[in-house]
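Content type mmCIF, C-alpha atoms, from the file entry23.cif:
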data_structure
#
loop_
_atom_site.label_atom_id
_atom_site.label_comp_id
_atom_site.auth_asym_id
_atom_site.auth_seq_id
_atom_site.Cartn_x
_atom_site.Cartn_y
_atom_site.Cartn_z
CA MET A 10 -17.69 -35.02 -36.16
CA TRP A 11 -16.05 -31.62 -36.03
CA ASP A 12 -13.67 -31.01 -33.11
CA ARG A 13 -14.77 -34.19 -31.36
CA PRO A 14 -12.35 -36.95 -30.42
CA THR A 15 -13.02 -40.30 -32.01
CA THR A 16 -13.26 -41.99 -28.62
CA ALA A 17 -16.21 -39.79 -27.75
CA LEU A 18 -18.35 -41.39 -30.43
CA HIS A 19 -17.47 -45.04 -30.12
CA ARG A 20 -15.51 -47.33 -27.84
CA GLY A 21 -12.75 -48.22 -30.28
CA ARG A 22 -12.32 -51.53 -28.50
CA THR A 23 -12.02 -53.53 -31.73
CA LEU A 24 -8.71 -51.83 -32.46
CA ARG A 25 -7.56 -52.21 -28.88
CA TYR A 26 -8.50 -55.89 -28.92
CA LEU A 27 -6.50 -56.45 -32.09
CA LYS A 28 -3.50 -54.77 -30.50
CA ILE A 29 -3.73 -57.11 -27.53
CA ARG A 30 -4.56 -60.18 -29.61
CA PHE A 31 -1.54 -59.81 -31.89
CA ALA A 32 0.87 -58.33 -29.32
CA LEU A 33 1.46 -55.09 -31.24
CA ASP A 34 3.89 -52.61 -29.72
CA LEU A 35 2.11 -49.33 -28.93
CA ALA A 36 5.14 -47.36 -27.74
CA GLU A 37 6.34 -44.42 -29.79
CA PRO A 38 9.27 -45.34 -32.09
CA HIS A 39 11.80 -43.31 -30.08
CA LEU A 40 10.69 -45.03 -26.85
CA ARG A 41 10.80 -48.62 -28.12
CA PRO A 42 13.69 -50.82 -27.01
CA ALA A 43 16.10 -51.85 -29.71
CA HIS A 44 15.38 -55.55 -29.26
CA ARG A 45 12.01 -57.20 -29.72
CA ARG A 46 10.67 -59.96 -27.56
CA PRO A 47 8.00 -62.01 -29.28
CA ALA A 48 5.04 -63.23 -27.23
CA PRO A 49 5.32 -66.88 -26.22
CA GLU A 50 3.69 -69.28 -28.63
CA LEU A 51 0.70 -71.42 -27.69
CA PRO A 52 -0.52 -74.56 -29.41
CA GLY A 53 -2.67 -73.76 -32.42
CA PRO A 54 -2.29 -71.49 -35.45
CA GLY A 55 -1.40 -67.89 -34.67
CA LEU A 56 -2.25 -67.98 -30.95
CA ARG A 57 -0.40 -65.85 -28.42
CA THR A 58 -0.76 -65.20 -24.74
CA ILE A 59 -2.53 -62.10 -23.49
CA ARG A 60 -0.93 -60.25 -20.60
CA PRO A 61 -3.03 -60.49 -17.41
CA PRO A 62 -4.05 -57.28 -15.60
CA HIS A 63 -1.13 -55.53 -13.90
CA ALA A 64 -0.97 -55.92 -10.10
CA GLN A 65 -0.36 -52.20 -9.48
CA PRO A 66 -0.64 -50.42 -12.85
CA TRP A 67 -0.58 -46.93 -11.29
CA ARG A 68 3.13 -47.46 -10.47
CA LEU A 69 4.13 -47.67 -14.14
CA PRO A 70 5.78 -44.74 -15.93
CA LEU A 71 3.06 -42.42 -17.22
CA HIS A 72 3.56 -43.20 -20.93
CA GLU A 73 3.40 -46.94 -20.21
CA LEU A 74 0.33 -46.44 -18.05
CA ALA A 75 -1.36 -44.51 -20.88
CA ASP A 76 -0.76 -47.41 -23.27
CA LEU A 77 -1.87 -49.98 -20.70
CA ILE A 78 -5.22 -48.36 -19.87
CA ASN A 79 -5.90 -47.98 -23.59
CA LEU A 80 -5.56 -51.75 -23.87
CA SER A 81 -6.97 -53.08 -20.61
CA PHE A 82 -10.31 -52.01 -19.17
CA LEU A 83 -9.65 -53.87 -15.91
CA ASP A 84 -6.33 -52.06 -15.44
CA LEU A 85 -8.13 -48.76 -16.06
CA ALA A 86 -10.67 -49.75 -13.38
CA LYS A 87 -7.82 -50.41 -10.94
CA VAL A 88 -6.24 -47.03 -11.61
CA VAL A 89 -9.48 -45.01 -11.26
CA THR A 90 -10.24 -46.90 -8.03
CA ALA A 91 -6.82 -46.04 -6.60
CA HIS A 92 -7.29 -42.43 -7.72
CA ALA A 93 -10.70 -42.30 -6.00
CA GLN A 94 -9.05 -43.45 -2.79
CA GLY A 95 -6.60 -40.56 -2.83
CA LEU A 96 -3.77 -41.57 -5.17
CA GLN A 97 -2.05 -38.39 -6.38
CA ARG A 98 0.45 -38.30 -9.20
CA THR A 99 1.59 -35.62 -11.62
CA GLY A 100 -0.32 -35.88 -14.89
CA LEU A 101 -2.72 -38.57 -13.67
CA ASP A 102 -5.80 -36.33 -13.50
CA GLU A 103 -5.37 -35.25 -17.12
CA LEU A 104 -4.60 -38.80 -18.22
CA LEU A 105 -7.77 -40.23 -16.65
CA PHE A 106 -10.21 -37.36 -17.06
CA GLY A 107 -8.98 -35.38 -20.05
CA PRO A 108 -11.38 -34.93 -22.99
CA ASP A 109 -10.09 -38.06 -24.77
CA ARG A 110 -10.63 -40.44 -21.85
CA ILE A 111 -13.17 -39.04 -19.41
CA GLN A 112 -16.03 -41.17 -20.73
CA GLN A 113 -13.97 -44.37 -20.54
CA SER A 114 -12.95 -43.47 -16.97
CA ILE A 115 -16.58 -42.91 -15.99
CA ASP A 116 -17.35 -46.33 -17.43
CA ALA A 117 -14.50 -47.86 -15.40
CA LEU A 118 -15.65 -46.07 -12.22
CA THR A 119 -19.17 -47.43 -12.75
CA TYR A 120 -17.79 -50.95 -13.09
CA ALA A 121 -15.56 -50.54 -10.02
CA ARG A 122 -18.44 -49.27 -7.91
CA HIS A 123 -20.68 -52.20 -8.86
CA ASP A 124 -17.84 -54.66 -8.37
CA ARG A 125 -17.07 -53.45 -4.82
CA LEU A 126 -20.74 -53.40 -3.88
CA LEU A 127 -21.37 -56.93 -5.16
CA ARG A 128 -18.23 -58.33 -3.56
CA HIS A 129 -19.14 -56.70 -0.25
CA GLU A 130 -22.64 -58.19 -0.41
CA THR A 131 -21.31 -61.66 -1.14
CA ARG A 132 -18.84 -61.45 1.73
CA VAL A 133 -21.41 -60.24 4.27
CA LEU A 134 -24.06 -62.77 3.16
CA SER A 135 -21.52 -65.54 3.69
CA GLY A 136 -20.96 -64.34 7.26
CA CYS A 137 -17.55 -62.72 6.75
CA LEU A 138 -17.85 -59.40 8.60
CA ASP A 139 -14.10 -58.85 8.56
CA GLN A 140 -11.55 -56.21 7.59
CA GLU A 141 -11.89 -57.14 3.89
CA ALA A 142 -15.63 -56.45 3.98
CA ARG A 143 -15.00 -53.04 5.57
CA ARG A 144 -12.31 -52.29 2.99
CA LEU A 145 -14.70 -53.10 0.12
CA ALA A 146 -17.39 -50.86 1.64
CA GLU A 147 -14.91 -47.99 1.97
CA GLN A 148 -13.74 -48.44 -1.62
CA GLU A 149 -17.31 -48.49 -2.90
CA LYS A 150 -18.09 -45.21 -1.14
CA ALA A 151 -14.91 -43.54 -2.39
CA VAL A 152 -15.57 -44.67 -5.98
CA ARG A 153 -19.23 -43.58 -5.77
CA ASP A 154 -18.25 -40.11 -4.58
CA ARG A 155 -15.61 -39.74 -7.31
CA LEU A 156 -18.08 -40.98 -9.94
CA LEU A 157 -20.61 -38.31 -8.98
CA GLU A 158 -17.87 -35.66 -9.02
CA ILE A 159 -16.62 -36.62 -12.49
CA LYS A 160 -20.16 -36.81 -13.88
CA ARG A 161 -20.76 -33.26 -12.67
CA HIS A 162 -17.48 -32.23 -14.29
CA LEU A 163 -18.52 -33.82 -17.61
CA LYS A 164 -21.88 -32.04 -17.43
CA GLU A 165 -20.15 -28.70 -16.86
CA GLN A 166 -17.86 -29.37 -19.83
CA ARG A 167 -20.87 -30.18 -22.00
CA ILE A 168 -22.74 -27.02 -20.99
CA SER A 169 -19.64 -24.93 -21.64
CA GLU A 170 -19.12 -26.45 -25.10
CA LEU A 171 -22.76 -26.06 -26.16
CA THR A 172 -22.83 -22.50 -24.84
CA ALA A 173 -19.70 -21.60 -26.80
CA ALA A 174 -21.32 -23.08 -29.93
CA GLY A 175 -24.44 -20.92 -29.42
CA ILE A 176 -26.76 -23.87 -28.81
CA LEU A 177 -27.29 -23.15 -25.09
CA PRO A 178 -29.17 -21.66 -23.45
CA PHE A 179 -32.21 -22.97 -25.31
CA PRO A 180 -34.64 -20.19 -26.21
CA PRO A 181 -37.80 -20.29 -24.08
CA ALA A 182 -41.10 -21.26 -25.67
CA THR A 183 -42.49 -18.19 -27.39
CA ASN A 184 -45.20 -16.17 -25.66
CA ASP A 185 -45.88 -14.18 -28.83
CA SER A 186 -49.30 -15.24 -30.11
CA ARG A 187 -48.41 -14.29 -33.71
CA ARG A 188 -45.26 -16.40 -33.79
CA LEU A 189 -46.99 -19.34 -32.10
CA ALA A 190 -49.92 -19.14 -34.55
CA ARG A 191 -47.50 -19.18 -37.50
CA SER A 192 -45.64 -22.13 -36.00
CA TRP A 193 -48.79 -24.17 -35.42
CA LEU A 194 -50.10 -23.35 -38.89
CA GLY A 195 -46.83 -24.68 -40.33
CA ARG A 196 -47.14 -27.79 -38.20
CA TYR A 197 -50.75 -28.33 -39.29
CA LEU A 198 -49.79 -27.89 -42.96
CA ALA A 199 -46.53 -29.79 -42.62
CA ASN A 200 -46.39 -31.23 -46.15
CA GLU A 201 -47.10 -27.86 -47.75
CA LYS A 202 -44.53 -26.16 -45.55
CA GLU A 203 -41.87 -28.76 -46.46
CA HIS A 204 -42.58 -28.21 -50.16
CA LEU A 205 -42.27 -24.44 -49.70
CA VAL A 206 -38.97 -24.79 -47.83
CA ARG A 207 -37.51 -27.03 -50.54
CA SER A 208 -38.61 -24.62 -53.27
CA LEU A 209 -37.24 -21.54 -51.52
CA ALA A 210 -33.99 -23.35 -50.66
CA ALA A 211 -33.49 -24.46 -54.26
CA ALA A 212 -34.07 -20.88 -55.46
CA ALA A 213 -31.47 -19.67 -52.93
CA GLY A 214 -28.92 -22.25 -54.13
CA VAL A 215 -28.97 -24.36 -50.97
CA ALA A 216 -27.98 -28.01 -51.38
CA PRO A 217 -31.02 -30.36 -51.33
CA SER A 218 -29.57 -32.33 -48.41
CA ALA A 219 -29.70 -29.22 -46.21
CA SER A 220 -33.41 -28.60 -46.84
CA VAL A 221 -34.70 -32.10 -46.11
CA HIS A 222 -37.25 -32.11 -43.29
CA ILE A 223 -36.10 -34.34 -40.42
CA ARG A 224 -38.90 -36.42 -38.91
CA CYS A 225 -36.91 -38.76 -36.66
CA ILE A 226 -33.45 -39.23 -35.17
CA ARG A 227 -32.54 -41.87 -37.76
CA GLU A 228 -33.12 -39.38 -40.58
CA LYS A 229 -31.01 -36.80 -38.74
CA ILE A 230 -28.14 -39.25 -38.34
CA THR A 231 -28.39 -40.33 -41.97
CA ARG A 232 -28.26 -36.71 -43.13
CA CYS A 233 -25.18 -36.04 -40.99
CA ILE A 234 -23.49 -39.11 -42.49
CA ASP A 235 -24.45 -38.07 -46.05
CA ASN A 236 -23.18 -34.52 -45.46
CA GLY A 237 -19.85 -35.78 -44.12
CA TRP A 238 -20.46 -34.35 -40.64
CA LEU A 239 -20.39 -37.81 -39.11
CA ALA A 240 -17.96 -40.57 -40.09
CA ALA A 241 -20.14 -43.64 -39.54
CA PRO A 242 -20.64 -45.62 -42.76
CA LEU A 243 -23.50 -48.08 -42.95
CA THR A 244 -21.46 -51.28 -43.28
CA ASP A 245 -22.79 -54.80 -43.85
CA THR A 246 -22.19 -55.61 -40.17
CA VAL A 247 -24.22 -52.61 -39.04
CA GLN A 248 -27.05 -53.46 -41.44
CA GLN A 249 -27.08 -57.07 -40.25
CA THR A 250 -27.32 -55.84 -36.66
CA LEU A 251 -30.21 -53.54 -37.56
CA ASP A 252 -31.98 -56.47 -39.24
CA LEU A 253 -31.82 -58.71 -36.16
CA ASP A 254 -35.15 -59.59 -34.58
CA ASP A 255 -35.74 -58.62 -30.96
CA PRO A 256 -34.73 -61.95 -29.31
CA ALA A 257 -31.50 -62.16 -31.34
CA PHE A 258 -30.67 -58.52 -30.61
CA GLU A 259 -31.26 -59.03 -26.89
CA ARG A 260 -28.91 -62.02 -26.90
CA ARG A 261 -26.27 -59.87 -28.56
CA VAL A 262 -26.76 -57.09 -25.99
CA ILE A 263 -26.46 -59.52 -23.07
CA ALA A 264 -23.37 -61.14 -24.59
CA ASP A 265 -21.75 -57.70 -24.91
CA ALA A 266 -22.57 -56.90 -21.27
CA THR A 267 -20.71 -59.98 -20.07
CA ARG A 268 -17.43 -58.84 -21.68
CA HIS A 269 -15.10 -55.95 -20.96
CA ALA A 270 -12.02 -56.51 -23.12
CA ASP A 271 -13.61 -57.08 -26.54
CA ARG A 272 -16.98 -55.36 -26.52
CA ASP A 273 -19.33 -55.27 -29.50
CA ASP A 274 -18.47 -51.96 -31.18
CA THR A 275 -21.34 -52.28 -33.66
CA LEU A 276 -23.77 -51.50 -30.84
CA CYS A 277 -22.15 -48.05 -30.64
CA HIS A 278 -22.85 -47.20 -34.27
CA PRO A 279 -25.05 -44.05 -34.36
CA LEU A 280 -27.84 -45.89 -36.20
CA VAL A 281 -27.85 -48.68 -33.58
CA LEU A 282 -27.42 -46.60 -30.42
CA ASN A 283 -31.09 -45.86 -29.74
CA ARG A 284 -32.16 -49.45 -30.25
CA TRP A 285 -29.34 -50.56 -27.96
CA ARG A 286 -30.54 -48.21 -25.21
CA ASP A 287 -34.17 -49.30 -25.62
CA GLN A 288 -33.22 -52.98 -25.49
CA LEU A 289 -31.14 -52.40 -22.37
CA ASN A 290 -34.14 -50.75 -20.69
CA THR A 291 -36.39 -53.66 -21.67
CA THR A 292 -33.93 -56.31 -20.48
CA LEU A 293 -33.25 -54.50 -17.21
CA THR A 294 -36.97 -54.32 -16.48
CA ARG A 295 -37.33 -58.03 -17.19
CA ILE A 296 -34.49 -59.24 -14.98
CA ALA A 297 -34.75 -56.71 -12.12
CA PRO A 298 -37.01 -58.96 -9.98
CA THR A 299 -34.63 -61.93 -10.26
CA ALA A 300 -31.74 -59.63 -9.23
CA GLU A 301 -33.79 -58.46 -6.24
CA ASN A 302 -33.59 -54.86 -7.42
CA PRO A 303 -36.84 -52.89 -6.96
CA HIS A 304 -36.21 -50.59 -9.95
CA THR A 305 -33.89 -50.10 -12.93
CA ARG A 306 -32.44 -46.69 -12.03
CA TYR A 307 -29.34 -47.97 -10.23
CA LEU A 308 -28.02 -50.99 -8.33
CA LYS A 309 -29.67 -50.86 -4.91
CA PRO A 310 -27.71 -52.56 -2.11
CA LEU A 311 -29.25 -55.73 -0.73
CA ALA A 312 -30.68 -55.85 2.76
CA LEU A 313 -27.93 -57.70 4.64
CA ASN A 314 -29.61 -58.11 8.03
CA GLY A 315 -31.87 -61.07 7.20
CA PRO A 316 -31.22 -64.80 7.43
CA SER A 317 -28.14 -65.96 5.56
CA PRO A 318 -29.05 -67.78 2.30
CA SER A 319 -27.49 -71.06 1.23
CA SER A 320 -24.24 -71.03 -0.75
CA ALA A 321 -26.06 -72.11 -3.92
CA ARG A 322 -28.59 -69.33 -3.48
CA ARG A 323 -25.83 -66.77 -2.84
CA GLU A 324 -24.00 -67.82 -6.01
CA GLN A 325 -27.17 -67.67 -8.10
CA LEU A 326 -28.13 -64.26 -6.75
CA HIS A 327 -24.58 -62.95 -7.23
CA ARG A 328 -24.58 -63.98 -10.92
CA ARG A 329 -27.95 -62.34 -11.55
CA ARG A 330 -26.99 -59.13 -9.80
CA ARG A 331 -23.64 -58.98 -11.61
CA LEU A 332 -25.43 -59.28 -14.98
CA PHE A 333 -27.93 -56.64 -13.86
CA ALA A 334 -25.03 -54.34 -12.86
CA ALA A 335 -23.28 -54.93 -16.21
CA LEU A 336 -26.46 -54.00 -18.09
CA LEU A 337 -26.81 -50.84 -16.00
CA GLN A 338 -23.21 -49.97 -16.85
CA ARG A 339 -23.88 -50.44 -20.56
CA ARG A 340 -27.04 -48.35 -20.39
CA ASP A 341 -25.09 -45.52 -18.78
CA GLU A 342 -22.56 -45.83 -21.59
CA SER A 343 -25.25 -45.81 -24.28
CA LEU A 344 -26.86 -42.69 -22.79
CA ARG A 345 -23.52 -40.87 -22.69
CA LEU A 346 -22.82 -41.82 -26.29
CA ILE A 347 -26.29 -40.72 -27.41
CA THR A 348 -25.85 -37.39 -25.64
CA THR A 349 -22.41 -36.89 -27.18
CA LEU A 350 -23.71 -37.84 -30.62
CA ASN A 351 -26.67 -35.45 -30.42
CA ASP A 352 -24.45 -32.62 -29.20
CA GLY A 353 -21.96 -33.26 -31.98
CA MET A 354 -24.66 -33.29 -34.66
CA SER A 355 -26.15 -30.06 -33.30
CA ILE A 356 -22.74 -28.36 -33.35
CA ALA A 357 -22.05 -29.61 -36.88
CA GLU A 358 -25.40 -28.36 -38.14
CA ARG A 359 -24.93 -24.99 -36.46
CA ARG A 360 -21.51 -24.54 -38.08
CA ASP A 361 -22.72 -25.43 -41.56
CA PRO A 362 -22.91 -22.29 -43.78
CA SER A 363 -26.50 -23.15 -44.76
CA HIS A 364 -27.79 -22.99 -41.15
CA ALA A 365 -28.45 -19.24 -40.98
CA LEU A 366 -29.88 -19.18 -44.50
CA MET A 367 -32.28 -22.04 -43.74
CA LYS A 368 -33.55 -20.12 -40.70
CA LYS A 369 -34.48 -17.21 -42.98
CA ILE A 370 -36.05 -19.57 -45.50
CA GLY A 371 -38.15 -21.13 -42.73
CA ASP A 372 -39.49 -17.69 -41.76
CA GLN A 373 -40.33 -16.99 -45.40
CA ALA A 374 -42.22 -20.30 -45.61
CA TYR A 375 -44.29 -19.44 -42.52
CA ASP A 376 -45.13 -16.01 -43.98
CA GLU A 377 -46.21 -17.60 -47.24
CA LEU A 378 -48.47 -20.07 -45.44
CA VAL A 379 -50.17 -17.19 -43.60
CA ARG A 380 -50.70 -15.43 -46.94
CA ARG A 381 -52.16 -18.58 -48.55
CA HIS A 382 -54.39 -19.62 -45.63
CA PRO A 383 -55.50 -16.45 -43.83
CA GLU A 384 -58.70 -18.02 -42.46
CA LEU A 385 -56.78 -20.86 -40.75
CA TYR A 386 -54.28 -18.40 -39.30
CA ARG A 387 -57.08 -16.15 -38.02
CA HIS A 388 -58.80 -19.14 -36.40
CA ILE A 389 -55.62 -20.12 -34.51
CA ARG A 390 -55.15 -16.50 -33.39
CA ALA A 391 -58.77 -16.37 -32.20
CA CYS A 392 -58.28 -19.56 -30.17
CA LEU A 393 -55.13 -18.12 -28.60
CA ALA A 394 -56.72 -14.75 -27.90
CA ARG A 395 -58.36 -15.90 -24.66
CA TYR A 396 -54.87 -16.67 -23.27
CA GLU A 397 -53.46 -13.20 -24.00
CA THR A 398 -52.64 -11.18 -20.90
CA ARG A 399 -51.97 -8.16 -23.10
CA HIS A 400 -51.92 -7.70 -26.86
CA GLY A 401 -49.88 -10.47 -28.45
CA HIS A 402 -48.53 -11.85 -25.13
CA LEU A 403 -49.60 -15.35 -24.08
CA GLN A 404 -49.96 -17.10 -20.75
CA ILE A 405 -51.19 -20.67 -21.36
CA PRO A 406 -51.79 -22.61 -18.11
CA GLU A 407 -52.71 -25.94 -19.75
CA PRO A 408 -50.20 -28.12 -21.66
CA ARG A 409 -49.60 -26.57 -25.07
CA SER A 410 -49.76 -29.96 -26.77
CA GLN A 411 -53.30 -30.44 -25.48
CA LEU A 412 -54.41 -27.02 -26.70
CA ARG A 413 -52.73 -27.57 -30.05
CA ALA A 414 -54.51 -30.91 -30.57
CA GLN A 415 -57.85 -29.23 -29.79
CA ILE A 416 -57.19 -26.42 -32.29
CA PHE A 417 -56.10 -28.91 -34.97
CA ASP A 418 -59.39 -30.79 -34.53
CA GLU A 419 -61.22 -27.54 -35.20
CA LEU A 420 -59.04 -26.86 -38.25
CA ASP A 421 -59.94 -30.34 -39.55
CA GLN A 422 -63.62 -29.35 -39.46
CA ILE A 423 -62.88 -26.14 -41.35
CA THR A 424 -60.80 -27.83 -44.05
CA SER A 425 -62.72 -31.14 -44.34
CA PRO A 426 -64.84 -30.07 -47.37
CA ARG A 427 -61.68 -29.40 -49.38
CA ARG A 428 -59.52 -32.22 -48.05
CA PRO A 429 -59.18 -35.13 -50.50
CA ALA A 430 -61.03 -38.28 -49.51
CA GLY A 431 -58.93 -40.45 -47.22
CA ALA A 432 -56.43 -37.70 -46.43
CA PRO A 433 -55.32 -37.99 -42.80
CA ALA A 434 -55.90 -35.20 -40.33
CA ARG A 435 -52.68 -33.43 -39.36
CA ARG A 436 -51.27 -33.50 -35.86
#
For the file at hand, write its structure as structure tokens.
Amino acid sequence: MWDRPTTALHRGRTLRYLKIRFALDLAEPHLRPAHRRPAPELPGPGLRTIRPPHAQPWRLPLHELADLINLSFLDLAKVVTAHAQGLQRTGLDELLFGPDRIQQSIDALTYARHDRLLRHETRVLSGCLDQEARRLAEQEKAVRDRLLEIKRHLKEQRISELTAAGILPFPPATNDSRRLARSWLGRYLANEKEHLVRSLAAAAGVAPSASVHIRCIREKITRCIDNGWLAAPLTDTVQQTLDLDDPAFERRVIADATRHADRDDTLCHPLVLNRWRDQLNTTLTRIAPTAENPHTRYLKPLALNGPSPSSARREQLHRRRRLFAALLQRRDESLRLITTLNDGMSIAERRDPSHALMKKIGDQAYDELVRRHPELYRHIRACLARYETRHGHLQIPEPRSQLRAQIFDELDQITSPRRPAGAPARR
């Protein structure tokens, strides 16, 4: 994707896991010590120890900290938590919330917030209303406030980028009855319009891939991959994931949610992203009652003023709520990735040389449809006329989709004598 960091489109945790697993040295050559210290050997072929999370990673030199938080999600969570509580250090803001790492830091803040909330609940339910419980509550509030702040910052960055690319602000729905009638005629005669666009594009020398009508997000992603705008090949692993039935895919999604160090990168493939999000929504809805959460929007704190449950009940509830929190975290991640992917594809399409030409070709196709089907165009204009406040200017109080469906039903009655038997009515 043009001008978009790789980490914005996928987690990249497979590479990071391999670097941990095989003890690779990530330091720049001029910063590496002259001697090498191999990782201690463990019984078994090719096994090595993995360094546990650092006790206070924010105290490391900045270049070492950058390498560490690339490798360890839990260390990143520690650093963003300390930063939320007021830790100041030169270069730390850019390291954590620069364009290459802001999404990972939001993910770590989400985890840290859930972790503090769940630990606080467990401590209070067990009767420990002590300094540690108060500390956890303070940390949760600090992390929550910082998370909201960084999300607003990411939204502002997104708006700025899309505005610079000419995508925002979105043009308002047209109030010109002529333009709306042309648009609805093209929608009603979708197949004919697509054929016209392809013919006009071929005559103008536009590549066939640029004139393909996109009916769904999967087709849009596939076109971006085929055009080289998106580097996301359809590998055997991705195809196998797409072929999984719903129960097997849900098991894979839950298994991914229980891990932080070696997540399932295939779920972040553009062709899998939407199914991943939908499955997360379905699973969250299913397990919300057992996690004692009244909805799936966010993790709602438990009521802590009732009778104290048994230790077995506390442990069971804690496990269910931790899984629920992990699934919420993954859903937030999937939504951010989907948003980033859609923005990237829109920017890539806008920058393609064929974009402006295809806009002109689309207008030519609408004009040709009006010339070929004047009675249908006049009927749509007549239906819209009662909503005109002045000549050619519309004010439609009812939902446009409802009015459009009504007009299309009337067009079906006009065209039914000439429509081939069995041909479906357009919508």
Using all atoms listed in the file, can you tell me which of A:Ala93, A:His402, A:Leu209, A:Pro178 comes closest to Leu157 in chain A?
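Of A:Ala93, A:His402, A:Leu209, A:Pro178, the one nearest Leu157 in chain A is A:Ala93, counting all atoms listed in the file.
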With a distance cut-off of 8 Å and only C-alpha atoms, select the neighbouring residues of range 304-314 of chain A, excluding the residue or stretch itself and same-chain residues fewer than 5 positions from it, and output the selection as a PyMOL selection string.
chain A and resi 123+126+130+133-134+290+293-294+297+333-334+337
Surrounding residues of range 255-260 of chain A excluding itself and chain neighbours under 2 positions, 12 Å, all atoms listed in the file, as a PDB file with C-alpha atoms, keeping the file's coordinate frame:
ATOM      1  CA  GLN A 249     -27.080 -57.070 -40.250  1.00  0.00           C
ATOM      2  CA  THR A 250     -27.320 -55.840 -36.660  1.00  0.00           C
ATOM      3  CA  LEU A 251     -30.210 -53.540 -37.560  1.00  0.00           C
ATOM      4  CA  ASP A 252     -31.980 -56.470 -39.240  1.00  0.00           C
ATOM      5  CA  LEU A 253     -31.820 -58.710 -36.160  1.00  0.00           C
ATOM      6  CA  VAL A 262     -26.760 -57.090 -25.990  1.00  0.00           C
ATOM      7  CA  ILE A 263     -26.460 -59.520 -23.070  1.00  0.00           C
ATOM      8  CA  ALA A 264     -23.370 -61.140 -24.590  1.00  0.00           C
ATOM      9  CA  ASP A 265     -21.750 -57.700 -24.910  1.00  0.00           C
ATOM     10  CA  ALA A 266     -22.570 -56.900 -21.270  1.00  0.00           C
ATOM     11  CA  THR A 267     -20.710 -59.980 -20.070  1.00  0.00           C
ATOM     12  CA  ASP A 273     -19.330 -55.270 -29.500  1.00  0.00           C
ATOM     13  CA  THR A 275     -21.340 -52.280 -33.660  1.00  0.00           C
ATOM     14  CA  LEU A 276     -23.770 -51.500 -30.840  1.00  0.00           C
ATOM     15  CA  VAL A 281     -27.850 -48.680 -33.580  1.00  0.00           C
ATOM     16  CA  ARG A 284     -32.160 -49.450 -30.250  1.00  0.00           C
ATOM     17  CA  TRP A 285     -29.340 -50.560 -27.960  1.00  0.00           C
ATOM     18  CA  ARG A 286     -30.540 -48.210 -25.210  1.00  0.00           C
ATOM     19  CA  ASP A 287     -34.170 -49.300 -25.620  1.00  0.00           C
ATOM     20  CA  GLN A 288     -33.220 -52.980 -25.490  1.00  0.00           C
ATOM     21  CA  LEU A 289     -31.140 -52.400 -22.370  1.00  0.00           C
ATOM     22  CA  ASN A 290     -34.140 -50.750 -20.690  1.00  0.00           C
ATOM     23  CA  THR A 291     -36.390 -53.660 -21.670  1.00  0.00           C
ATOM     24  CA  THR A 292     -33.930 -56.310 -20.480  1.00  0.00           C
ATOM     25  CA  LEU A 293     -33.250 -54.500 -17.210  1.00  0.00           C
ATOM     26  CA  ARG A 295     -37.330 -58.030 -17.190  1.00  0.00           C
ATOM     27  CA  LEU A 336     -26.460 -54.000 -18.090  1.00  0.00           C
TER      28      LEU A 336
END
Between CA of Pro279 in chain A and CA of Arg110 in chain A, distance in Å (one decimal):
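If I compute the distance from CA of Pro279 in chain A to CA of Arg110 in chain A, I get 19.4 Å.
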Target residues per the PyMOL selection byres ((chain A and resi 195-208) around 6), formatted as a PyMOL selection string:
chain A and resi 192-194+209-211+220+374+435
Hey, what comes out of the PyMOL selection byres ((chain A and resi 163) around 10) on this file? Could you write it as a list in words?
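Applied to this file, the PyMOL selection byres ((chain A and resi 163) around 10) returns Phe106, Gly107, Pro108, Ile111, Gln112, Ile115, Leu157, Glu158, Ile159, Lys160, Arg161, His162, Lys164, Glu165, Gln166, Arg167, Ile168 and Ser169 of chain A.
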Any chance you could resolve the PyMOL selection byres ((chain A and resi 147) around 12) against this file and give the residues as a PyMOL selection string?
chain A and resi 90-91+93-94+122+125-126+129+140-146+148-154
Would you save the residues of that selection, restricted to C-alpha atoms, as an mmCIF file, in the coordinates of the input?
data_model
loop_
_atom_site.group_PDB
_atom_site.id
_atom_site.type_symbol
_atom_site.label_atom_id
_atom_site.label_comp_id
_atom_site.auth_asym_id
_atom_site.auth_seq_id
_atom_site.Cartn_x
_atom_site.Cartn_y
_atom_site.Cartn_z
ATOM 1 C CA THR A 90 -10.240 -46.900 -8.030
ATOM 2 C CA ALA A 91 -6.820 -46.040 -6.600
ATOM 3 C CA ALA A 93 -10.700 -42.300 -6.000
ATOM 4 C CA GLN A 94 -9.050 -43.450 -2.790
ATOM 5 C CA ARG A 122 -18.440 -49.270 -7.910
ATOM 6 C CA ARG A 125 -17.070 -53.450 -4.820
ATOM 7 C CA LEU A 126 -20.740 -53.400 -3.880
ATOM 8 C CA HIS A 129 -19.140 -56.700 -0.250
ATOM 9 C CA GLN A 140 -11.550 -56.210 7.590
ATOM 10 C CA GLU A 141 -11.890 -57.140 3.890
ATOM 11 C CA ALA A 142 -15.630 -56.450 3.980
ATOM 12 C CA ARG A 143 -15.000 -53.040 5.570
ATOM 13 C CA ARG A 144 -12.310 -52.290 2.990
ATOM 14 C CA LEU A 145 -14.700 -53.100 0.120
ATOM 15 C CA ALA A 146 -17.390 -50.860 1.640
ATOM 16 C CA GLN A 148 -13.740 -48.440 -1.620
ATOM 17 C CA GLU A 149 -17.310 -48.490 -2.900
ATOM 18 C CA LYS A 150 -18.090 -45.210 -1.140
ATOM 19 C CA ALA A 151 -14.910 -43.540 -2.390
ATOM 20 C CA VAL A 152 -15.570 -44.670 -5.980
ATOM 21 C CA ARG A 153 -19.230 -43.580 -5.770
ATOM 22 C CA ASP A 154 -18.250 -40.110 -4.580
#
